[in-house]
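Participant: target-v8.txt is reproduced below (compact mmCIF, C-alpha atoms).
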# COMPACT_ATOMS: atom_id res chain seq x y z
CA MET A 1135 -13.64 -25.49 7.47
CA THR A 1136 -15.08 -24.54 4.10
CA ARG A 1137 -14.37 -26.99 1.30
CA ARG A 1138 -13.65 -25.40 -2.06
CA ARG A 1139 -15.20 -26.93 -5.16
CA SER A 1140 -13.28 -27.76 -8.25
CA ALA A 1141 -14.75 -26.57 -11.54
CA THR A 1142 -17.85 -28.59 -12.42
CA HIS A 1143 -20.74 -28.13 -14.80
CA ASP A 1144 -24.37 -29.00 -14.01
CA LEU A 1145 -25.89 -29.77 -17.40
CA ALA A 1146 -29.42 -29.95 -15.98
CA VAL A 1147 -29.47 -26.26 -15.07
CA GLY A 1148 -26.65 -24.89 -17.24
CA ILE A 1149 -24.49 -23.61 -14.38
CA THR A 1150 -20.73 -23.92 -14.11
CA PHE A 1151 -19.11 -23.83 -10.67
CA ALA A 1152 -15.49 -22.68 -10.57
CA ASP A 1153 -13.49 -21.35 -7.64
CA LEU A 1154 -11.59 -18.26 -8.77
CA LEU A 1155 -10.01 -17.81 -5.34
CA ASP A 1156 -8.22 -21.16 -5.13
CA GLY A 1157 -5.08 -19.86 -6.86
CA GLN A 1158 -5.21 -22.49 -9.61
CA ASP A 1159 -5.50 -22.08 -13.38
CA TRP A 1160 -4.25 -18.48 -13.51
CA VAL A 1161 -1.93 -17.55 -16.39
CA PRO A 1162 -0.09 -14.28 -17.06
CA LEU A 1163 -2.00 -11.74 -19.16
CA SER A 1164 -0.85 -11.91 -22.77
CA LEU A 1165 1.51 -9.02 -23.42
CA ASP A 1166 1.08 -8.96 -27.22
CA GLN A 1167 -2.18 -6.99 -27.12
CA GLN A 1168 -0.92 -3.60 -28.25
CA SER A 1169 -1.77 -4.38 -31.88
CA SER A 1170 -5.39 -5.39 -31.11
CA PRO A 1171 -7.81 -3.46 -33.36
CA MET A 1172 -10.13 -3.23 -30.31
CA TYR A 1173 -7.55 -1.19 -28.33
CA LEU A 1174 -7.64 2.44 -29.36
CA TRP A 1175 -5.77 5.51 -28.20
CA ASN A 1176 -7.87 8.31 -26.72
CA ASP A 1177 -7.67 10.33 -29.95
CA GLY A 1178 -9.26 7.43 -31.87
CA GLY A 1179 -6.07 6.06 -33.41
CA LEU A 1180 -4.81 2.57 -32.71
CA LEU A 1181 -3.00 1.80 -29.45
CA ALA A 1182 -0.28 0.28 -31.64
CA ASP A 1183 0.51 3.81 -32.87
CA ALA A 1184 0.46 5.40 -29.39
CA PRO A 1185 3.68 6.40 -27.59
CA VAL A 1186 3.16 3.78 -24.86
CA ASP A 1187 4.35 0.23 -24.26
CA PHE A 1188 1.61 -2.28 -23.37
CA ALA A 1189 4.06 -5.08 -22.49
CA ALA A 1190 6.20 -2.89 -20.23
CA THR A 1191 3.14 -1.44 -18.49
CA PHE A 1192 1.31 -4.73 -17.81
CA ASP A 1193 4.27 -7.15 -17.45
CA GLY A 1194 3.86 -9.24 -14.29
CA ALA A 1195 0.83 -7.24 -13.16
CA MET A 1196 -2.24 -9.15 -14.35
CA TRP A 1197 -3.35 -12.76 -14.78
CA MET A 1198 -6.34 -14.37 -16.52
CA SER A 1199 -8.21 -17.44 -15.33
CA LYS A 1200 -8.38 -20.52 -17.51
CA LYS A 1201 -11.28 -21.92 -15.46
CA PRO A 1202 -14.11 -23.26 -17.61
CA ILE A 1203 -17.11 -20.95 -17.62
CA ASP A 1204 -19.43 -22.35 -20.25
CA LEU A 1205 -21.96 -19.56 -20.37
CA PRO A 1206 -21.78 -18.11 -23.88
CA ARG A 1207 -24.17 -15.23 -23.14
CA PHE A 1208 -22.24 -14.21 -20.03
CA ASN A 1209 -19.65 -11.83 -21.46
CA ARG A 1210 -17.03 -11.99 -18.74
CA ASN A 1211 -13.33 -11.75 -18.09
CA PRO A 1212 -11.96 -13.04 -14.73
CA LEU A 1213 -8.73 -11.24 -13.79
CA ARG A 1214 -6.21 -11.07 -10.96
CA VAL A 1215 -3.97 -8.02 -10.40
CA ARG A 1216 -0.83 -7.62 -8.29
CA ALA A 1217 -0.78 -5.30 -5.28
CA HIS A 1218 -0.71 -1.55 -6.01
CA PHE A 1219 -0.78 -1.98 -9.83
CA VAL A 1220 -2.47 0.93 -11.60
CA VAL A 1221 -4.50 -0.03 -14.68
CA PRO A 1222 -4.00 2.96 -17.01
CA LYS A 1223 -6.87 5.37 -17.55
CA HIS A 1224 -9.31 4.10 -20.17
CA HIS A 1225 -12.95 3.93 -21.19
CA HIS A 1226 -15.10 1.52 -23.22
CA ASN A 1227 -17.75 1.80 -25.92
CA MET A 1228 -20.26 -0.04 -23.70
CA ASP A 1229 -21.16 -0.24 -20.02
CA GLU A 1230 -18.94 -2.47 -17.89
CA MET A 1231 -19.61 -4.01 -14.48
CA ILE A 1232 -16.77 -5.13 -12.23
CA PHE A 1233 -17.42 -7.65 -9.42
CA VAL A 1234 -14.65 -7.83 -6.82
CA LEU A 1235 -14.16 -11.29 -5.33
CA GLN A 1236 -11.04 -10.76 -3.21
CA GLY A 1237 -8.86 -7.76 -2.36
CA GLU A 1238 -9.88 -4.29 -3.43
CA TYR A 1239 -9.72 -1.67 -6.13
CA SER A 1240 -9.61 2.08 -5.71
CA ILE A 1241 -11.31 3.42 -8.85
CA GLU A 1242 -10.98 7.04 -9.93
CA HIS A 1243 -13.61 7.97 -12.51
CA GLY A 1244 -15.19 11.01 -14.10
CA ASP A 1245 -14.27 13.92 -16.31
CA ASP A 1246 -11.00 15.84 -15.90
CA GLY A 1247 -11.34 18.12 -12.90
CA HIS A 1248 -14.47 16.31 -11.65
CA GLU A 1249 -13.05 12.90 -10.70
CA GLN A 1250 -14.38 10.82 -7.84
CA THR A 1251 -12.67 7.89 -6.16
CA VAL A 1252 -14.51 4.85 -4.82
CA ARG A 1253 -13.21 1.77 -3.02
CA VAL A 1254 -14.65 -1.52 -4.28
CA GLY A 1255 -14.06 -4.54 -2.01
CA PRO A 1256 -15.10 -8.20 -1.83
CA GLY A 1257 -18.73 -8.73 -2.79
CA GLU A 1258 -19.06 -5.22 -4.20
CA CYS A 1259 -19.40 -4.07 -7.78
CA PHE A 1260 -18.64 -0.98 -9.84
CA LEU A 1261 -20.54 0.07 -12.95
CA SER A 1262 -18.80 2.25 -15.48
CA ARG A 1263 -21.02 3.77 -18.14
CA ALA A 1264 -19.86 3.73 -21.75
CA GLY A 1265 -17.54 6.67 -22.41
CA THR A 1266 -16.66 7.26 -18.72
CA ALA A 1267 -12.89 7.23 -18.25
CA TYR A 1268 -11.46 5.59 -15.14
CA THR A 1269 -8.23 4.35 -13.54
CA MET A 1270 -8.11 1.35 -11.20
CA THR A 1271 -5.48 0.87 -8.48
CA ALA A 1272 -5.23 -2.53 -6.79
CA GLY A 1273 -5.10 -2.55 -3.00
CA PRO A 1274 -2.24 -3.79 -0.80
CA GLU A 1275 -3.28 -7.46 -1.29
CA GLY A 1276 -3.99 -7.10 -5.01
CA VAL A 1277 -7.46 -7.87 -6.38
CA THR A 1278 -9.33 -10.75 -8.01
CA TYR A 1279 -12.41 -9.75 -9.98
CA ILE A 1280 -14.68 -10.42 -12.94
CA GLU A 1281 -15.53 -7.75 -15.50
CA THR A 1282 -18.70 -8.15 -17.57
CA TRP A 1283 -20.39 -6.37 -20.47
CA PRO A 1284 -23.96 -6.40 -21.82
CA ASN A 1285 -22.79 -7.31 -25.34
CA SER A 1286 -20.28 -9.70 -26.85
CA VAL A 1287 -16.66 -9.06 -25.95
CA ARG A 1288 -15.99 -9.20 -29.71
CA THR A 1289 -17.68 -5.77 -30.00
CA LEU A 1290 -15.85 -4.24 -27.01
CA GLU A 1291 -13.59 -1.30 -27.79
CA THR A 1292 -11.18 0.09 -25.18
CA TYR A 1293 -9.94 3.68 -25.52
CA TRP A 1294 -6.74 4.29 -23.58
CA HIS A 1295 -5.71 7.68 -22.17
CA ASP A 1296 -2.16 8.87 -21.46
CA VAL A 1297 -2.23 8.28 -17.69
CA GLY A 1298 -0.47 5.37 -15.97
CA TRP A 1299 1.56 4.05 -18.91
CA VAL A 1300 5.20 3.13 -19.38
CA HIS A 1301 6.19 5.12 -22.47
CA ARG A 1302 8.30 3.78 -25.29
CA ASN A 1303 11.92 4.88 -25.42
CA GLY A 1304 12.33 8.29 -27.00
CA SER A 1305 8.74 9.44 -26.45
In structure tokens, write the structure found in this file.

Facilitator:
Amino acid sequence: MTRRRSATHDLAVGITFADLLDGQDWVPLSLDQQSSPMYLWNDGGLLADAPVDFAATFDGAMWMSKKPIDLPRFNRNPLRVRAHFVVPKHHHNMDEMIFVLQGEYSIEHGDDGHEQTVRVGPGECFLSRAGTAYTMTAGPEGVTYIETWPNSVRTLETYWHDVGWVHRNGS
């Protein structure tokens, strides 16, 4: 039997150990993100002005970990996604690497008419280059993963496309 560790920090080597698969310390993704100045619509306008509803699209679909990861230069975001949820098509202003810990993602990426789909499972990663649009669909068991960027998350911009969204009433 494998014993899971609780979150600990080794000050001598600067490493934090946290088990993201233990089911603890996960909280629902905040649904008030539509007004974030870092979320842009594909045409360059703000997501807040787009005809889509962030809260209705993501409600009950994603969770964030509150586990302590005290590595300030490691720009990361641990996430968990419900089974079969489709993260709407989007791209970023910088490269992003996704490490799958449990479950799987089916990721469709590329330019319109030239898309490719890859399956990313436990222990595998996916690298999306800045400006490359992609859609992620969680597998039948959902997916737990970490997304990372080479620069501070404070400089990350996400450009959303009109694929996979719940639209606002009347639009």

Participant: Of the candidates A:Asn1227, A:Thr1269, A:Thr1191, A:Asn1211, which one gets nearest to Tyr1293 of chain A if we count only C-alpha atoms?

Facilitator: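 Closest to Tyr1293 of chain A, using only C-alpha atoms: A:Asn1227.
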
Participant: Counting all atoms listed in the file, find the residues whose atoms lie at most 12 Å from (-15.5, 5.6, -19.0) (file coordinates) and write them out as a PDB file with C-alpha atoms, keeping the file's coordinate frame.

Facilitator:
ATOM      1  CA  ASN A1176      -7.870   8.310 -26.720  1.00  0.00           C
ATOM      2  CA  PRO A1222      -4.000   2.960 -17.010  1.00  0.00           C
ATOM      3  CA  LYS A1223      -6.870   5.370 -17.550  1.00  0.00           C
ATOM      4  CA  HIS A1224      -9.310   4.100 -20.170  1.00  0.00           C
ATOM      5  CA  HIS A1225     -12.950   3.930 -21.190  1.00  0.00           C
ATOM      6  CA  HIS A1226     -15.100   1.520 -23.220  1.00  0.00           C
ATOM      7  CA  ASN A1227     -17.750   1.800 -25.920  1.00  0.00           C
ATOM      8  CA  MET A1228     -20.260  -0.040 -23.700  1.00  0.00           C
ATOM      9  CA  ASP A1229     -21.160  -0.240 -20.020  1.00  0.00           C
ATOM     10  CA  GLU A1230     -18.940  -2.470 -17.890  1.00  0.00           C
ATOM     11  CA  MET A1231     -19.610  -4.010 -14.480  1.00  0.00           C
ATOM     12  CA  ILE A1241     -11.310   3.420  -8.850  1.00  0.00           C
ATOM     13  CA  GLU A1242     -10.980   7.040  -9.930  1.00  0.00           C
ATOM     14  CA  HIS A1243     -13.610   7.970 -12.510  1.00  0.00           C
ATOM     15  CA  GLY A1244     -15.190  11.010 -14.100  1.00  0.00           C
ATOM     16  CA  ASP A1245     -14.270  13.920 -16.310  1.00  0.00           C
ATOM     17  CA  ASP A1246     -11.000  15.840 -15.900  1.00  0.00           C
ATOM     18  CA  GLU A1249     -13.050  12.900 -10.700  1.00  0.00           C
ATOM     19  CA  PHE A1260     -18.640  -0.980  -9.840  1.00  0.00           C
ATOM     20  CA  LEU A1261     -20.540   0.070 -12.950  1.00  0.00           C
ATOM     21  CA  SER A1262     -18.800   2.250 -15.480  1.00  0.00           C
ATOM     22  CA  ARG A1263     -21.020   3.770 -18.140  1.00  0.00           C
ATOM     23  CA  ALA A1264     -19.860   3.730 -21.750  1.00  0.00           C
ATOM     24  CA  GLY A1265     -17.540   6.670 -22.410  1.00  0.00           C
ATOM     25  CA  THR A1266     -16.660   7.260 -18.720  1.00  0.00           C
ATOM     26  CA  ALA A1267     -12.890   7.230 -18.250  1.00  0.00           C
ATOM     27  CA  TYR A1268     -11.460   5.590 -15.140  1.00  0.00           C
ATOM     28  CA  THR A1269      -8.230   4.350 -13.540  1.00  0.00           C
ATOM     29  CA  MET A1270      -8.110   1.350 -11.200  1.00  0.00           C
ATOM     30  CA  GLU A1291     -13.590  -1.300 -27.790  1.00  0.00           C
ATOM     31  CA  THR A1292     -11.180   0.090 -25.180  1.00  0.00           C
ATOM     32  CA  TYR A1293      -9.940   3.680 -25.520  1.00  0.00           C
ATOM     33  CA  TRP A1294      -6.740   4.290 -23.580  1.00  0.00           C
ATOM     34  CA  HIS A1295      -5.710   7.680 -22.170  1.00  0.00           C
TER      35      HIS A1295
END

Participant: At a cut-off of 7 Å, can you tabulate as a tab-separated table every residue of segment 1154-1246 of chain A near segment 1272-1290 of chain A together with its closest atom pair and the distance in Å to one decimal, using only C-alpha atoms and ordering rows by chain then number?

Facilitator:
residue	atom	partner	partner_atom	distance
A:Met1172	CA	A:Leu1290	CA	6.7
A:Asn1209	CA	A:Thr1282	CA	5.4
A:Arg1210	CA	A:Thr1282	CA	4.3
A:Asn1211	CA	A:Glu1281	CA	5.2
A:Pro1212	CA	A:Ile1280	CA	4.2
A:Leu1213	CA	A:Tyr1279	CA	5.5
A:Arg1214	CA	A:Thr1278	CA	4.3
A:Val1215	CA	A:Val1277	CA	5.3
A:Arg1216	CA	A:Gly1276	CA	4.6
A:Ala1217	CA	A:Gly1276	CA	3.7
A:His1218	CA	A:Ala1272	CA	4.7
A:Phe1219	CA	A:Ala1272	CA	5.4
A:Val1220	CA	A:Ala1272	CA	6.5
A:His1226	CA	A:Leu1290	CA	6.9
A:Asn1227	CA	A:Leu1290	CA	6.4
A:Met1228	CA	A:Leu1290	CA	6.9
A:Asp1229	CA	A:Trp1283	CA	6.2
A:Glu1230	CA	A:Trp1283	CA	4.9
A:Met1231	CA	A:Thr1282	CA	5.2
A:Ile1232	CA	A:Glu1281	CA	4.4
A:Phe1233	CA	A:Ile1280	CA	5.3
A:Val1234	CA	A:Tyr1279	CA	4.3
A:Leu1235	CA	A:Tyr1279	CA	5.2
A:Gln1236	CA	A:Thr1278	CA	5.1
A:Gly1237	CA	A:Val1277	CA	4.3
A:Glu1238	CA	A:Gly1273	CA	5.1
A:Tyr1239	CA	A:Ala1272	CA	4.6
A:Ser1240	CA	A:Ala1272	CA	6.5

Participant: Go ahead and compute the interatomic distance for atom CA of Ser1164 of chain A and atom CA of Gly1179 of chain A, in Å to one decimal.

Facilitator: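 Pair atom CA of Ser1164 of chain A / atom CA of Gly1179 of chain A returns 21.5 Å.
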
Participant: How far is it from atom CA of Asp1296 of chain A to atom CA of Pro1162 of chain A, in Å with one decimal?

Facilitator: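 Taking atom CA of Asp1296 of chain A as the start and atom CA of Pro1162 of chain A as the end point, the length is 23.7 Å.
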
Participant: Could you please determine the separation between atom CA of Leu1174 of chain A and atom CA of Val1221 of chain A in Å, to one decimal place?

Facilitator: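 So the two atoms, atom CA of Leu1174 of chain A and atom CA of Val1221 of chain A, lie 15.2 Å apart.
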
Participant: What would the list of residues within 10 Å of (7.9, 6.9, -27.9) (file frame) look like as number ranges by chain, if all atoms listed in the file are what count?

Facilitator: A: 1183-1187, 1300-1305

Participant: Write out as a PyMOL selection string each polymer residue whose atoms come within 6 Å of Gln1168 of chain A, counting only C-alpha atoms; drop sequence neighbours fewer than 4 positions from it.

Facilitator: chain A and resi 1181-1182+1188

Participant: Which residue is closest to Trp1160 of chain A? Choose from A:Ala1189, A:Ser1199, A:Arg1253, A:Val1297 and count all atoms listed in the file.

Facilitator: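 Among A:Ala1189, A:Ser1199, A:Arg1253, A:Val1297, it is A:Ser1199 that comes nearest to Trp1160 of chain A.
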
Participant: Would you please take segment 1211-1242 of chain A of the structure in the block above and write N, CA and C atoms to a file as an mmCIF file, in the first residue's frame?

Facilitator:
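Saved to result07.cif:
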data_model
loop_
_atom_site.group_PDB
_atom_site.id
_atom_site.type_symbol
_atom_site.label_atom_id
_atom_site.label_comp_id
_atom_site.auth_asym_id
_atom_site.auth_seq_id
_atom_site.Cartn_x
_atom_site.Cartn_y
_atom_site.Cartn_z
ATOM 1 N N ASN A 1211 -0.666 26.500 -11.894
ATOM 2 C CA ASN A 1211 -2.066 26.551 -11.523
ATOM 3 C C ASN A 1211 -2.588 25.116 -11.512
ATOM 4 N N PRO A 1212 -2.712 24.470 -10.329
ATOM 5 C CA PRO A 1212 -3.270 23.116 -10.283
ATOM 6 C C PRO A 1212 -4.788 23.172 -10.425
ATOM 7 N N LEU A 1213 -5.335 22.343 -11.305
ATOM 8 C CA LEU A 1213 -6.773 22.347 -11.574
ATOM 9 C C LEU A 1213 -7.326 20.932 -11.644
ATOM 10 N N ARG A 1214 -8.617 20.817 -11.380
ATOM 11 C CA ARG A 1214 -9.349 19.556 -11.532
ATOM 12 C C ARG A 1214 -10.600 19.887 -12.336
ATOM 13 N N VAL A 1215 -10.961 19.003 -13.283
ATOM 14 C CA VAL A 1215 -12.076 19.249 -14.192
ATOM 15 C C VAL A 1215 -13.004 18.034 -14.189
ATOM 16 N N ARG A 1216 -14.314 18.296 -14.208
ATOM 17 C CA ARG A 1216 -15.290 17.203 -14.213
ATOM 18 C C ARG A 1216 -15.242 16.450 -15.553
ATOM 19 N N ALA A 1217 -15.753 15.241 -15.524
ATOM 20 C CA ALA A 1217 -15.784 14.384 -16.709
ATOM 21 C C ALA A 1217 -16.493 15.073 -17.872
ATOM 22 N N HIS A 1218 -15.906 14.958 -19.048
ATOM 23 C CA HIS A 1218 -16.464 15.409 -20.328
ATOM 24 C C HIS A 1218 -16.619 16.926 -20.469
ATOM 25 N N PHE A 1219 -16.140 17.724 -19.500
ATOM 26 C CA PHE A 1219 -16.244 19.176 -19.636
ATOM 27 C C PHE A 1219 -15.309 19.656 -20.743
ATOM 28 N N VAL A 1220 -15.818 20.576 -21.560
ATOM 29 C CA VAL A 1220 -15.027 21.160 -22.639
ATOM 30 C C VAL A 1220 -14.619 22.575 -22.232
ATOM 31 N N VAL A 1221 -13.313 22.789 -22.073
ATOM 32 C CA VAL A 1221 -12.808 24.136 -21.812
ATOM 33 C C VAL A 1221 -12.877 24.871 -23.146
ATOM 34 N N PRO A 1222 -13.589 25.996 -23.217
ATOM 35 C CA PRO A 1222 -13.752 26.693 -24.488
ATOM 36 C C PRO A 1222 -12.418 27.009 -25.175
ATOM 37 N N LYS A 1223 -12.500 27.116 -26.493
ATOM 38 C CA LYS A 1223 -11.316 27.400 -27.299
ATOM 39 C C LYS A 1223 -10.683 28.722 -26.870
ATOM 40 N N HIS A 1224 -9.360 28.697 -26.716
ATOM 41 C CA HIS A 1224 -8.640 29.894 -26.271
ATOM 42 C C HIS A 1224 -7.163 29.781 -26.640
ATOM 43 N N HIS A 1225 -6.457 30.886 -26.494
ATOM 44 C CA HIS A 1225 -4.999 30.868 -26.635
ATOM 45 C C HIS A 1225 -4.422 31.889 -25.659
ATOM 46 N N HIS A 1226 -3.107 31.810 -25.436
ATOM 47 C CA HIS A 1226 -2.436 32.686 -24.482
ATOM 48 C C HIS A 1226 -1.355 33.509 -25.175
ATOM 49 N N ASN A 1227 -0.882 34.521 -24.484
ATOM 50 C CA ASN A 1227 0.190 35.374 -25.001
ATOM 51 C C ASN A 1227 1.576 34.804 -24.708
ATOM 52 N N MET A 1228 1.647 33.661 -24.043
ATOM 53 C CA MET A 1228 2.926 33.001 -23.779
ATOM 54 C C MET A 1228 2.727 31.491 -23.841
ATOM 55 N N ASP A 1229 3.832 30.767 -23.994
ATOM 56 C CA ASP A 1229 3.763 29.309 -24.008
ATOM 57 C C ASP A 1229 3.168 28.801 -22.709
ATOM 58 N N GLU A 1230 2.495 27.665 -22.788
ATOM 59 C CA GLU A 1230 1.905 27.030 -21.603
ATOM 60 C C GLU A 1230 2.192 25.542 -21.672
ATOM 61 N N MET A 1231 2.562 24.952 -20.531
ATOM 62 C CA MET A 1231 2.748 23.508 -20.465
ATOM 63 C C MET A 1231 1.749 22.948 -19.469
ATOM 64 N N ILE A 1232 1.079 21.875 -19.886
ATOM 65 C CA ILE A 1232 0.089 21.201 -19.048
ATOM 66 C C ILE A 1232 0.640 19.824 -18.696
ATOM 67 N N PHE A 1233 0.684 19.511 -17.385
ATOM 68 C CA PHE A 1233 1.100 18.198 -16.897
ATOM 69 C C PHE A 1233 -0.132 17.493 -16.335
ATOM 70 N N VAL A 1234 -0.503 16.358 -16.931
ATOM 71 C CA VAL A 1234 -1.663 15.609 -16.451
ATOM 72 C C VAL A 1234 -1.214 14.658 -15.344
ATOM 73 N N LEU A 1235 -1.909 14.722 -14.218
ATOM 74 C CA LEU A 1235 -1.595 13.864 -13.074
ATOM 75 C C LEU A 1235 -2.529 12.667 -12.991
ATOM 76 N N GLN A 1236 -3.806 12.873 -13.334
ATOM 77 C CA GLN A 1236 -4.805 11.813 -13.235
ATOM 78 C C GLN A 1236 -5.892 12.091 -14.259
ATOM 79 N N GLY A 1237 -6.446 11.044 -14.854
ATOM 80 C CA GLY A 1237 -7.468 11.215 -15.879
ATOM 81 C C GLY A 1237 -6.827 11.546 -17.212
ATOM 82 N N GLU A 1238 -7.581 12.192 -18.083
ATOM 83 C CA GLU A 1238 -7.022 12.549 -19.382
ATOM 84 C C GLU A 1238 -7.746 13.731 -19.988
ATOM 85 N N TYR A 1239 -7.021 14.371 -20.898
ATOM 86 C CA TYR A 1239 -7.561 15.444 -21.727
ATOM 87 C C TYR A 1239 -7.426 15.024 -23.181
ATOM 88 N N SER A 1240 -8.410 15.381 -23.971
ATOM 89 C CA SER A 1240 -8.315 15.320 -25.420
ATOM 90 C C SER A 1240 -8.189 16.784 -25.837
ATOM 91 N N ILE A 1241 -7.063 17.136 -26.469
ATOM 92 C CA ILE A 1241 -6.790 18.534 -26.786
ATOM 93 C C ILE A 1241 -6.758 18.714 -28.297
ATOM 94 N N GLU A 1242 -7.671 19.558 -28.783
ATOM 95 C CA GLU A 1242 -7.704 19.899 -30.205
ATOM 96 C C GLU A 1242 -7.006 21.245 -30.353
#
